[in-house]
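Taking it in order: structure first as structure tokens, then the write-up.
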Amino acid sequence: MKRSNIFMLIAAILPLGLFLFPLWKITLEAPQYPTPLGMYIYINDFADANPHDIKNINLMNHYVGMKYIPDAIPEFKIFPMAIIITSVIGLLIAFMGNYKWFLGWFILMVVMSAAGIYDFYLWEHDYGHNLDPKAIMKFTNPDGTQMGFQPPLLGTKKILNFIAHSYPQLGALFLGLGIGTSFIAYLIGKKSSKNTVAL
């Protein structure tokens, strides 16, 4: 097997790490919580960073009219299937495909990842802005508009007396490495092809 195909084989396998490790983590720090509240987001599940964290986040959010974090969302069925299918495609082109197919897989994975990030942003926006008008506690901005409680997509943000952190985790690293490795496979294959033609 050519070196470029070996790199492509590795690239196709790496995203499967999403089934073992969390993709993202959101953490909430506040004076009333000595241990910050946290939530891991896996490709197919939400999980507590500490025991009962999601339950406590839901109880806290209820007072300001935010939705409960659900047990499941449609993406938990869509994304796992998408990763499995693209990994199988990656394996097939690693064994049978031309190096130009490696670039196609790279572009596909970049587009899928961008779509996933955008979907995550939309979920956060709805979660933080679509508030129950009958909420027990209501907060407004200086201009009188209703305050939103959307966590940051990436980074740190102050929300009332909370500091919210949102950062990728090991699963995202595996995905990113897989995407990057496929581009390396393409470059190696392209260079090898040029050398063969030159000979």
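Order determines the names: the first chain of the structure tokens is A, the second B, and so forth; residues in each chain are numbered 1 upward, and ligands are numbered 1 upward as they are shown.
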Subject >> Contacts of segment 82-99 of chain A at 8 Å (only C-alpha atoms; same-chain gap of 6+ positions) as an MDAnalysis selection string >> reply: chainID A and resid 1 4:6 8:9 11:13 15:16 105 109 185:186 189:190
Subject >> Within 9 Å of Leu173 of chain A using only C-alpha atoms, minus same-chain residues under 6 positions, as a ChimeraX atom specification >> reply: /A:15,17-18,23
Original post:
So which one's closest to Ser166 of chain A, A:Tyr33, A:Tyr68, A:Tyr121, A:Trp101? Using only C-alpha atoms, please.
Top reply: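 Once distances to Ser166 of chain A are computed over only C-alpha atoms, the minimum belongs to A:Tyr121.
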**OP:** Would you please work out which residue, of A:Met60, A:Ala115, A:Ile41, A:Leu153, is nearest to His165 of chain A when using only C-alpha atoms?
**Re:**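 Ranked by minimum distance to His165 of chain A, first place goes to A:Leu153.
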Original post:
Near segment 129-145 of chain A, counting only C-alpha atoms, which residues have an atom at most 12 Å away, once you skip same-chain residues fewer than 3 positions from it, shown as a list of chain:residue names?
Top reply: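 Non-adjacent residues within range: A:Leu59, A:Met60, A:Asn61, A:His62, A:Tyr63, A:Val64, A:Gly65, A:Met66, A:Lys67, A:Tyr68, A:Tyr121, A:Leu122, A:Trp123, A:Glu124, A:His125, A:Asp126, A:Gly148, A:Phe149, A:Gln150, A:Pro151, A:Ile159, A:Leu160.
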Mind dumping the selected residues with C-alpha atoms as a PDB file, in the first residue's frame?
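Dumped everything to again-v9.pdb:
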```pdb
ATOM      1  CA  LEU A  59     -33.288  23.532  37.781  1.00  0.00           C
ATOM      2  CA  MET A  60     -31.333  26.779  37.596  1.00  0.00           C
ATOM      3  CA  ASN A  61     -32.414  27.498  34.023  1.00  0.00           C
ATOM      4  CA  HIS A  62     -36.072  26.901  34.872  1.00  0.00           C
ATOM      5  CA  TYR A  63     -36.160  30.108  36.897  1.00  0.00           C
ATOM      6  CA  VAL A  64     -35.152  32.287  33.934  1.00  0.00           C
ATOM      7  CA  GLY A  65     -37.394  30.463  31.443  1.00  0.00           C
ATOM      8  CA  MET A  66     -34.797  28.437  29.573  1.00  0.00           C
ATOM      9  CA  LYS A  67     -35.676  25.036  28.166  1.00  0.00           C
ATOM     10  CA  TYR A  68     -34.570  21.866  29.867  1.00  0.00           C
ATOM     11  CA  TYR A 121     -24.690  27.513  17.360  1.00  0.00           C
ATOM     12  CA  LEU A 122     -28.377  27.427  16.380  1.00  0.00           C
ATOM     13  CA  TRP A 123     -29.136  25.044  19.254  1.00  0.00           C
ATOM     14  CA  GLU A 124     -27.326  27.333  21.706  1.00  0.00           C
ATOM     15  CA  HIS A 125     -29.101  30.410  20.342  1.00  0.00           C
ATOM     16  CA  ASP A 126     -32.539  28.836  20.696  1.00  0.00           C
ATOM     17  CA  GLY A 148     -30.432  36.221  26.471  1.00  0.00           C
ATOM     18  CA  PHE A 149     -28.486  33.467  28.184  1.00  0.00           C
ATOM     19  CA  GLN A 150     -26.723  31.893  25.214  1.00  0.00           C
ATOM     20  CA  PRO A 151     -23.425  30.221  26.173  1.00  0.00           C
ATOM     21  CA  ILE A 159     -23.692  35.728  31.937  1.00  0.00           C
ATOM     22  CA  LEU A 160     -25.031  37.541  35.031  1.00  0.00           C
TER      23      LEU A 160
END
```
Original post:
Hey, can you check how far atom CA of Ala172 of chain A sits from atom CA of Ser113 of chain A?
Top reply: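 Taking atom CA of Ala172 of chain A and atom CA of Ser113 of chain A, their separation equals 9.7 Å.
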Subject >> All residues 12 Å or closer to Pro36 of chain A, only C-alpha atoms, same chain fewer than 6 positions away omitted, as an MDAnalysis selection string >> reply: chainID A and resid 26:30 48:54 56:57 162:165
Can you spit out the residues from that selection as a PDB file, in the first residue's frame, using N, CA, C and O atoms?
```pdb
ATOM      1  N   ILE A  26     -19.216  22.279  28.116  1.00  0.00           N
ATOM      2  CA  ILE A  26     -19.667  23.589  28.587  1.00  0.00           C
ATOM      3  C   ILE A  26     -19.603  23.579  30.110  1.00  0.00           C
ATOM      4  O   ILE A  26     -20.111  22.662  30.754  1.00  0.00           O
ATOM      5  N   THR A  27     -18.954  24.596  30.670  1.00  0.00           N
ATOM      6  CA  THR A  27     -18.783  24.701  32.119  1.00  0.00           C
ATOM      7  C   THR A  27     -19.341  26.029  32.611  1.00  0.00           C
ATOM      8  O   THR A  27     -19.168  27.069  31.953  1.00  0.00           O
ATOM      9  N   LEU A  28     -20.024  26.011  33.750  1.00  0.00           N
ATOM     10  CA  LEU A  28     -20.575  27.217  34.357  1.00  0.00           C
ATOM     11  C   LEU A  28     -19.968  27.416  35.737  1.00  0.00           C
ATOM     12  O   LEU A  28     -20.094  26.554  36.613  1.00  0.00           O
ATOM     13  N   GLU A  29     -19.295  28.549  35.927  1.00  0.00           N
ATOM     14  CA  GLU A  29     -18.712  28.896  37.216  1.00  0.00           C
ATOM     15  C   GLU A  29     -19.532  30.000  37.854  1.00  0.00           C
ATOM     16  O   GLU A  29     -19.948  30.948  37.183  1.00  0.00           O
ATOM     17  N   ALA A  30     -19.754  29.898  39.165  1.00  0.00           N
ATOM     18  CA  ALA A  30     -20.481  30.927  39.908  1.00  0.00           C
ATOM     19  C   ALA A  30     -20.125  30.810  41.387  1.00  0.00           C
ATOM     20  O   ALA A  30     -19.787  29.716  41.858  1.00  0.00           O
ATOM     21  N   ASP A  48     -23.060  14.382  32.424  1.00  0.00           N
ATOM     22  CA  ASP A  48     -22.629  15.243  33.527  1.00  0.00           C
ATOM     23  C   ASP A  48     -21.106  15.294  33.609  1.00  0.00           C
ATOM     24  O   ASP A  48     -20.436  14.266  33.454  1.00  0.00           O
ATOM     25  N   ALA A  49     -20.587  16.484  33.888  1.00  0.00           N
ATOM     26  CA  ALA A  49     -19.170  16.581  34.215  1.00  0.00           C
ATOM     27  C   ALA A  49     -18.945  16.097  35.639  1.00  0.00           C
ATOM     28  O   ALA A  49     -17.936  15.472  35.964  1.00  0.00           O
ATOM     29  N   ASN A  50     -19.913  16.392  36.509  1.00  0.00           N
ATOM     30  CA  ASN A  50     -19.944  15.909  37.888  1.00  0.00           C
ATOM     31  C   ASN A  50     -21.349  15.355  38.129  1.00  0.00           C
ATOM     32  O   ASN A  50     -22.290  15.722  37.423  1.00  0.00           O
ATOM     33  N   PRO A  51     -21.516  14.482  39.111  1.00  0.00           N
ATOM     34  CA  PRO A  51     -22.844  13.903  39.341  1.00  0.00           C
ATOM     35  C   PRO A  51     -23.936  14.964  39.471  1.00  0.00           C
ATOM     36  O   PRO A  51     -23.778  15.956  40.180  1.00  0.00           O
ATOM     37  N   HIS A  52     -25.026  14.779  38.736  1.00  0.00           N
ATOM     38  CA  HIS A  52     -26.231  15.614  38.800  1.00  0.00           C
ATOM     39  C   HIS A  52     -26.045  17.021  38.225  1.00  0.00           C
ATOM     40  O   HIS A  52     -26.895  17.891  38.442  1.00  0.00           O
ATOM     41  N   ASP A  53     -24.981  17.267  37.482  1.00  0.00           N
ATOM     42  CA  ASP A  53     -24.765  18.606  36.942  1.00  0.00           C
ATOM     43  C   ASP A  53     -25.885  19.042  36.002  1.00  0.00           C
ATOM     44  O   ASP A  53     -26.380  20.169  36.091  1.00  0.00           O
ATOM     45  N   ILE A  54     -26.290  18.170  35.087  1.00  0.00           N
ATOM     46  CA  ILE A  54     -27.334  18.545  34.128  1.00  0.00           C
ATOM     47  C   ILE A  54     -28.656  18.810  34.853  1.00  0.00           C
ATOM     48  O   ILE A  54     -29.373  19.765  34.523  1.00  0.00           O
ATOM     49  N   ASN A  56     -28.976  19.953  37.889  1.00  0.00           N
ATOM     50  CA  ASN A  56     -28.842  21.256  38.557  1.00  0.00           C
ATOM     51  C   ASN A  56     -28.900  22.410  37.562  1.00  0.00           C
ATOM     52  O   ASN A  56     -29.469  23.469  37.861  1.00  0.00           O
ATOM     53  N   ILE A  57     -28.317  22.210  36.371  1.00  0.00           N
ATOM     54  CA  ILE A  57     -28.397  23.237  35.331  1.00  0.00           C
ATOM     55  C   ILE A  57     -29.846  23.445  34.901  1.00  0.00           C
ATOM     56  O   ILE A  57     -30.314  24.577  34.753  1.00  0.00           O
ATOM     57  N   PHE A 162     -22.512  34.322  36.354  1.00  0.00           N
ATOM     58  CA  PHE A 162     -21.877  33.092  35.883  1.00  0.00           C
ATOM     59  C   PHE A 162     -20.775  33.414  34.873  1.00  0.00           C
ATOM     60  O   PHE A 162     -20.865  34.378  34.118  1.00  0.00           O
ATOM     61  N   ILE A 163     -19.757  32.585  34.873  1.00  0.00           N
ATOM     62  CA  ILE A 163     -18.750  32.595  33.817  1.00  0.00           C
ATOM     63  C   ILE A 163     -18.914  31.290  33.058  1.00  0.00           C
ATOM     64  O   ILE A 163     -18.726  30.208  33.617  1.00  0.00           O
ATOM     65  N   ALA A 164     -19.314  31.393  31.795  1.00  0.00           N
ATOM     66  CA  ALA A 164     -19.549  30.200  30.970  1.00  0.00           C
ATOM     67  C   ALA A 164     -18.344  29.945  30.076  1.00  0.00           C
ATOM     68  O   ALA A 164     -17.819  30.864  29.444  1.00  0.00           O
ATOM     69  N   HIS A 165     -17.904  28.696  30.056  1.00  0.00           N
ATOM     70  CA  HIS A 165     -16.791  28.282  29.210  1.00  0.00           C
ATOM     71  C   HIS A 165     -17.293  27.231  28.221  1.00  0.00           C
ATOM     72  O   HIS A 165     -18.070  26.346  28.586  1.00  0.00           O
TER      73      HIS A 165
END
```
If you run DSSP over the backbone, which residues in segment 14-191 of chain A end up strand (DSSP E)? Put them as a CSV table (one decimal) with all heavy atoms, in the first residue's frame.
```
chain,number,residue,atom,x,y,z
A,24,TRP,N,-17.4,18.1,23.0
A,24,TRP,CA,-17.4,19.5,23.5
A,24,TRP,C,-17.7,19.5,25.0
A,24,TRP,O,-18.2,18.5,25.6
A,24,TRP,CB,-18.4,20.3,22.8
A,24,TRP,CG,-18.0,21.7,22.5
A,24,TRP,CD1,-18.3,22.8,23.3
A,24,TRP,CD2,-17.3,22.2,21.4
A,24,TRP,NE1,-17.8,23.9,22.6
A,24,TRP,CE2,-17.2,23.6,21.5
A,24,TRP,CE3,-16.8,21.5,20.2
A,24,TRP,CZ2,-16.5,24.3,20.5
A,24,TRP,CZ3,-16.2,22.3,19.3
A,24,TRP,CH2,-16.0,23.6,19.4
A,25,LYS,N,-17.3,20.5,25.7
A,25,LYS,CA,-17.7,20.7,27.1
A,25,LYS,C,-18.1,22.1,27.4
A,25,LYS,O,-17.4,23.1,27.0
A,25,LYS,CB,-16.5,20.3,28.0
A,25,LYS,CG,-16.9,20.4,29.5
A,25,LYS,CD,-15.7,20.1,30.4
A,25,LYS,CE,-16.0,20.1,31.9
A,25,LYS,NZ,-14.9,19.9,32.8
A,26,ILE,N,-19.2,22.3,28.1
A,26,ILE,CA,-19.7,23.6,28.6
A,26,ILE,C,-19.6,23.6,30.1
A,26,ILE,O,-20.1,22.7,30.8
A,26,ILE,CB,-21.1,23.9,28.1
A,26,ILE,CG1,-21.1,24.0,26.6
A,26,ILE,CG2,-21.6,25.2,28.7
A,26,ILE,CD1,-22.5,24.2,26.0
A,27,THR,N,-19.0,24.6,30.7
A,27,THR,CA,-18.8,24.7,32.1
A,27,THR,C,-19.3,26.0,32.6
A,27,THR,O,-19.2,27.1,32.0
A,27,THR,CB,-17.3,24.6,32.5
A,27,THR,OG1,-16.7,23.4,31.9
A,27,THR,CG2,-17.1,24.6,34.0
A,28,LEU,N,-20.0,26.0,33.8
A,28,LEU,CA,-20.6,27.2,34.4
A,28,LEU,C,-20.0,27.4,35.7
A,28,LEU,O,-20.1,26.6,36.6
A,28,LEU,CB,-22.1,27.1,34.5
A,28,LEU,CG,-22.9,26.9,33.2
A,28,LEU,CD1,-24.4,26.7,33.5
A,28,LEU,CD2,-22.7,28.2,32.3
A,29,GLU,N,-19.3,28.5,35.9
A,29,GLU,CA,-18.7,28.9,37.2
A,29,GLU,C,-19.5,30.0,37.9
A,29,GLU,O,-19.9,30.9,37.2
A,29,GLU,CB,-17.3,29.4,37.0
A,29,GLU,CG,-16.3,28.3,36.5
A,29,GLU,CD,-14.9,28.9,36.4
A,29,GLU,OE1,-14.7,30.1,36.7
A,29,GLU,OE2,-14.0,28.1,35.9
A,30,ALA,N,-19.8,29.9,39.2
A,30,ALA,CA,-20.5,30.9,39.9
A,30,ALA,C,-20.1,30.8,41.4
A,30,ALA,O,-19.8,29.7,41.9
A,30,ALA,CB,-22.0,30.8,39.7
A,33,TYR,N,-21.6,28.0,43.5
A,33,TYR,CA,-21.3,26.7,43.1
A,33,TYR,C,-19.8,26.5,43.3
A,33,TYR,O,-19.0,26.8,42.3
A,33,TYR,CB,-21.7,26.3,41.7
A,33,TYR,CG,-23.2,26.3,41.5
A,33,TYR,CD1,-23.8,27.3,40.9
A,33,TYR,CD2,-23.9,25.2,41.9
A,33,TYR,CE1,-25.2,27.3,40.7
A,33,TYR,CE2,-25.3,25.1,41.7
A,33,TYR,CZ,-25.9,26.2,41.2
A,33,TYR,OH,-27.3,26.2,41.0
A,34,PRO,N,-19.3,26.0,44.5
A,34,PRO,CA,-17.9,25.8,44.7
A,34,PRO,C,-17.2,24.9,43.6
A,34,PRO,O,-16.1,25.2,43.2
A,34,PRO,CB,-17.8,25.2,46.1
A,34,PRO,CG,-19.1,25.6,46.7
A,34,PRO,CD,-20.1,25.7,45.6
A,35,THR,N,-18.0,23.9,43.2
A,35,THR,CA,-17.6,23.0,42.1
A,35,THR,C,-18.4,23.5,40.9
A,35,THR,O,-19.6,23.4,40.9
A,35,THR,CB,-17.8,21.6,42.4
A,35,THR,OG1,-17.1,21.2,43.6
A,35,THR,CG2,-17.4,20.7,41.3
A,36,PRO,N,-17.7,23.9,39.9
A,36,PRO,CA,-18.4,24.4,38.7
A,36,PRO,C,-19.3,23.3,38.1
A,36,PRO,O,-19.0,22.1,38.2
A,36,PRO,CB,-17.3,24.8,37.7
A,36,PRO,CG,-16.1,25.0,38.5
A,36,PRO,CD,-16.2,24.1,39.7
A,37,LEU,N,-20.5,23.8,37.5
A,37,LEU,CA,-21.4,22.9,36.8
A,37,LEU,C,-20.8,22.6,35.4
A,37,LEU,O,-20.3,23.6,34.8
A,37,LEU,CB,-22.8,23.4,36.8
A,37,LEU,CG,-23.5,23.8,38.1
A,37,LEU,CD1,-24.8,24.4,37.8
A,37,LEU,CD2,-23.6,22.5,38.9
A,38,GLY,N,-20.9,21.4,34.9
A,38,GLY,CA,-20.4,21.1,33.6
A,38,GLY,C,-21.2,20.1,32.9
A,38,GLY,O,-21.9,19.2,33.5
A,39,MET,N,-21.1,20.1,31.6
A,39,MET,CA,-21.8,19.2,30.7
A,39,MET,C,-20.9,18.8,29.5
A,39,MET,O,-20.4,19.7,28.8
A,39,MET,CB,-23.1,19.8,30.2
A,39,MET,CG,-23.9,19.0,29.2
A,39,MET,SD,-25.4,19.8,28.7
A,39,MET,CE,-24.8,21.0,27.6
A,40,TYR,N,-20.7,17.5,29.3
A,40,TYR,CA,-20.0,17.0,28.2
A,40,TYR,C,-21.0,16.7,27.1
A,40,TYR,O,-22.1,16.2,27.3
A,40,TYR,CB,-19.3,15.7,28.5
A,40,TYR,CG,-18.0,15.9,29.3
A,40,TYR,CD1,-18.0,15.5,30.7
A,40,TYR,CD2,-16.9,16.5,28.8
A,40,TYR,CE1,-16.9,15.7,31.5
A,40,TYR,CE2,-15.7,16.7,29.6
A,40,TYR,CZ,-15.7,16.3,30.9
A,40,TYR,OH,-14.6,16.5,31.6
A,41,ILE,N,-20.6,17.1,25.9
A,41,ILE,CA,-21.5,16.8,24.7
A,41,ILE,C,-20.7,15.7,23.9
A,41,ILE,O,-19.6,16.0,23.3
A,41,ILE,CB,-21.7,18.0,23.9
A,41,ILE,CG1,-22.4,19.1,24.7
A,41,ILE,CG2,-22.6,17.7,22.6
A,41,ILE,CD1,-22.6,20.4,24.0
A,46,PHE,N,-25.6,13.6,26.0
A,46,PHE,CA,-25.2,14.6,26.9
A,46,PHE,C,-24.7,13.9,28.2
A,46,PHE,O,-25.3,12.8,28.5
A,46,PHE,CB,-26.3,15.6,27.3
A,46,PHE,CG,-26.7,16.5,26.2
A,46,PHE,CD1,-28.1,16.4,25.8
A,46,PHE,CD2,-25.9,17.4,25.6
A,46,PHE,CE1,-28.5,17.3,24.7
A,46,PHE,CE2,-26.3,18.2,24.6
A,46,PHE,CZ,-27.6,18.2,24.1
A,47,ALA,N,-23.7,14.4,28.9
A,47,ALA,CA,-23.3,13.7,30.1
A,47,ALA,C,-22.8,14.7,31.1
A,47,ALA,O,-22.3,15.8,30.8
A,47,ALA,CB,-22.1,12.7,29.8
A,48,ASP,N,-23.1,14.4,32.4
A,48,ASP,CA,-22.6,15.2,33.5
A,48,ASP,C,-21.1,15.3,33.6
A,48,ASP,O,-20.4,14.3,33.5
A,48,ASP,CB,-23.1,14.7,34.9
A,48,ASP,CG,-24.7,14.7,35.0
A,48,ASP,OD1,-25.3,15.8,34.6
A,48,ASP,OD2,-25.2,13.7,35.4
A,155,GLY,N,-15.0,29.6,23.7
A,155,GLY,CA,-14.4,30.6,24.5
A,155,GLY,C,-15.1,30.8,25.9
A,155,GLY,O,-15.8,29.9,26.4
A,156,THR,N,-15.0,32.0,26.4
A,156,THR,CA,-15.5,32.3,27.8
A,156,THR,C,-16.4,33.5,27.7
A,156,THR,O,-16.2,34.5,26.9
A,156,THR,CB,-14.4,32.6,28.7
A,156,THR,OG1,-13.6,31.4,28.9
A,156,THR,CG2,-14.9,33.0,30.1
A,157,LYS,N,-17.5,33.5,28.4
A,157,LYS,CA,-18.5,34.6,28.4
A,157,LYS,C,-19.1,34.8,29.8
A,157,LYS,O,-19.4,33.8,30.4
A,157,LYS,CB,-19.6,34.3,27.3
A,157,LYS,CG,-20.7,35.3,27.2
A,157,LYS,CD,-21.7,34.9,26.2
A,157,LYS,CE,-22.9,35.8,26.0
A,157,LYS,NZ,-23.8,35.3,25.0
A,158,LYS,N,-19.3,36.0,30.2
A,158,LYS,CA,-20.0,36.3,31.5
A,158,LYS,C,-21.5,36.5,31.2
A,158,LYS,O,-21.9,37.2,30.4
A,158,LYS,CB,-19.4,37.6,32.1
A,158,LYS,CG,-20.0,37.9,33.5
A,158,LYS,CD,-19.3,39.1,34.1
A,158,LYS,CE,-19.9,39.5,35.5
A,158,LYS,NZ,-19.8,38.4,36.4
A,159,ILE,N,-22.2,35.7,32.0
A,159,ILE,CA,-23.7,35.7,31.9
A,159,ILE,C,-24.2,35.9,33.4
A,159,ILE,O,-24.2,35.0,34.2
A,159,ILE,CB,-24.3,34.4,31.3
A,159,ILE,CG1,-23.6,34.1,30.0
A,159,ILE,CG2,-25.8,34.6,31.2
A,159,ILE,CD1,-24.0,32.8,29.4
A,162,PHE,N,-22.5,34.3,36.4
A,162,PHE,CA,-21.9,33.1,35.9
A,162,PHE,C,-20.8,33.4,34.9
A,162,PHE,O,-20.9,34.4,34.1
A,162,PHE,CB,-22.9,32.2,35.2
A,162,PHE,CG,-23.8,31.4,36.2
A,162,PHE,CD1,-25.0,32.0,36.6
A,162,PHE,CD2,-23.4,30.2,36.6
A,162,PHE,CE1,-25.8,31.3,37.5
A,162,PHE,CE2,-24.2,29.5,37.5
A,162,PHE,CZ,-25.4,30.1,38.0
A,163,ILE,N,-19.8,32.6,34.9
A,163,ILE,CA,-18.8,32.6,33.8
A,163,ILE,C,-18.9,31.3,33.1
A,163,ILE,O,-18.7,30.2,33.6
A,163,ILE,CB,-17.3,32.7,34.4
A,163,ILE,CG1,-17.2,33.9,35.3
A,163,ILE,CG2,-16.3,32.7,33.2
A,163,ILE,CD1,-17.3,35.2,34.5
A,164,ALA,N,-19.3,31.4,31.8
A,164,ALA,CA,-19.5,30.2,31.0
A,164,ALA,C,-18.3,29.9,30.1
A,164,ALA,O,-17.8,30.9,29.4
A,164,ALA,CB,-20.8,30.4,30.1
A,165,HIS,N,-17.9,28.7,30.1
A,165,HIS,CA,-16.8,28.3,29.2
A,165,HIS,C,-17.3,27.2,28.2
A,165,HIS,O,-18.1,26.3,28.6
A,165,HIS,CB,-15.7,27.7,30.0
A,165,HIS,CG,-15.2,28.5,31.2
A,165,HIS,ND1,-14.3,29.6,31.0
A,165,HIS,CD2,-15.5,28.5,32.5
A,165,HIS,CE1,-14.1,30.2,32.1
A,165,HIS,NE2,-14.8,29.5,33.1
A,166,SER,N,-16.8,27.3,27.0
A,166,SER,CA,-17.2,26.3,26.0
A,166,SER,C,-16.0,26.0,25.1
A,166,SER,O,-15.5,26.9,24.4
A,166,SER,CB,-18.4,26.9,25.1
A,166,SER,OG,-18.7,26.0,24.1
A,167,TYR,N,-15.6,24.8,25.2
A,167,TYR,CA,-14.3,24.4,24.5
A,167,TYR,C,-14.4,23.0,24.0
A,167,TYR,O,-15.1,22.1,24.6
A,167,TYR,CB,-13.1,24.5,25.4
A,167,TYR,CG,-12.8,25.9,25.8
A,167,TYR,CD1,-13.1,26.5,27.0
A,167,TYR,CD2,-12.1,26.7,24.9
A,167,TYR,CE1,-12.8,27.8,27.3
A,167,TYR,CE2,-11.7,28.0,25.2
A,167,TYR,CZ,-12.1,28.5,26.4
A,167,TYR,OH,-11.8,29.8,26.7
A,168,PRO,N,-13.8,22.7,22.8
A,168,PRO,CA,-13.7,21.3,22.3
A,168,PRO,C,-12.9,20.4,23.2
A,168,PRO,O,-12.1,20.8,23.9
A,168,PRO,CB,-13.0,21.5,20.9
A,168,PRO,CG,-12.3,22.8,21.0
A,168,PRO,CD,-13.0,23.7,22.0
```
**OP:** Run DSSP on the backbone and grab whatever in segment 121-179 of chain A lands in helix (DSSP H, G or I); send it over as number ranges by chain.
**Re:** A: 121-129, 170-179
Original post:
Nearest to Ile10 of chain A among A:Gly116, A:Lys194, A:Ile107, A:Phe102, with distances taken over only C-alpha atoms: which residue is it?
Top reply: A:Phe102
